[in-house]
Amino acid sequence: MRSFVRAAVTLMLTAGAVLATGAGAQAGTSDTQDTYAGCRSGYVCIYPGASWNGNRPEATYYRYGVYNLNNQIGTHRVFNNQTGGATVQLCTGYDGVGCGEKIAPWSYRDVNLTPINSIRLAP
């Protein structure tokens, strides 16, 4: 009887480990699908240079509002990976003054950020 109980417990523990591993892999897959070029879904990402730079953004922004930029010189890739129609604008002045055209979701621009001093994320 002890052998039977021991075998049943071992089988349950093994099955639990397999289920836990499967759930973790599925969650990882879901996260990956929401991310493109290292930029998570819902974010605006800035990459150094006019490329995806190995999928490593140098700056990320998530909440709606205005963000002042510092020391962003030369051409950078700005990627809008926001959802629900949210846009991003590049502004020549600090605090969201002098904003240009809106960049639509799932779009990117290679832009000289030297004259850009802030960005605006809006719904």
# chains A, B, ... in the order shown; residues from 1 in each chain; ligands from 1
$ select_by_dssp --residues "range 47-98 of chain A" --states "strand (DSSP E or B)" --output "PyMOL selection string"
chain A and resi 47-49+59-61+65-68+75-81+87-91
$ write_last_selection --atoms "C-alpha atoms" --output "CSV table (one decimal), in the first residue's frame"
chain,number,residue,atom,x,y,z
A,47,TYR,CA,16.4,54.2,-29.9
A,48,PRO,CA,19.9,55.6,-30.4
A,49,GLY,CA,20.5,56.1,-34.1
A,59,ALA,CA,14.3,55.7,-23.3
A,60,THR,CA,10.7,54.6,-22.8
A,61,TYR,CA,7.5,56.5,-21.9
A,65,GLY,CA,1.5,63.7,-20.7
A,66,VAL,CA,4.6,65.7,-21.6
A,67,TYR,CA,8.2,64.7,-21.0
A,68,ASN,CA,11.1,67.0,-21.4
A,75,THR,CA,19.1,61.2,-35.3
A,76,HIS,CA,17.1,58.7,-33.2
A,77,ARG,CA,14.3,56.3,-34.0
A,78,VAL,CA,11.0,57.2,-32.2
A,79,PHE,CA,8.5,54.3,-32.1
A,80,ASN,CA,4.9,54.6,-31.0
A,81,ASN,CA,3.9,51.2,-29.7
A,87,THR,CA,-0.4,59.4,-30.4
A,88,VAL,CA,3.0,61.0,-29.7
A,89,GLN,CA,4.2,64.4,-30.8
A,90,LEU,CA,7.7,65.8,-30.9
A,91,CYS,CA,7.9,69.4,-29.6
$ closest_residue --among "A:Pro115, A:Pro57, A:Gly74, A:Gly98" --to "Val44 in chain A" --atoms "only C-alpha atoms"
A:Pro57
$ atom_distance --atom1 "CA of Leu69 in chain A" --atom2 "CA of Ile116 in chain A"
7.5 Å
$ select_by_dssp --residues "range 20-93 of chain A" --states "helix (DSSP H, G or I)" --output "number ranges by chain"
A: 20-33, 53-55
$ residues_around --residues "Ile73 in chain A" --least-positions-apart "3" --cutoff "8 Å" --atoms "only C-alpha atoms" --output "list in words"
Asn112, Leu113 and Thr114 of chain A
$ write_last_selection --atoms "N, CA, C and O atoms" --output "PDB file, in the first residue's frame"
ATOM      1  N   ASN A 112      15.918  63.831 -36.284  1.00  0.00           N
ATOM      2  CA  ASN A 112      17.000  64.562 -35.624  1.00  0.00           C
ATOM      3  C   ASN A 112      16.403  65.178 -34.365  1.00  0.00           C
ATOM      4  O   ASN A 112      15.587  66.106 -34.446  1.00  0.00           O
ATOM      5  N   LEU A 113      16.770  64.668 -33.212  1.00  0.00           N
ATOM      6  CA  LEU A 113      16.204  65.162 -31.950  1.00  0.00           C
ATOM      7  C   LEU A 113      16.939  66.374 -31.395  1.00  0.00           C
ATOM      8  O   LEU A 113      16.546  66.891 -30.350  1.00  0.00           O
ATOM      9  N   THR A 114      17.972  66.856 -32.078  1.00  0.00           N
ATOM     10  CA  THR A 114      18.714  68.011 -31.567  1.00  0.00           C
ATOM     11  C   THR A 114      17.794  69.200 -31.278  1.00  0.00           C
ATOM     12  O   THR A 114      17.883  69.787 -30.201  1.00  0.00           O
TER      13      THR A 114
END
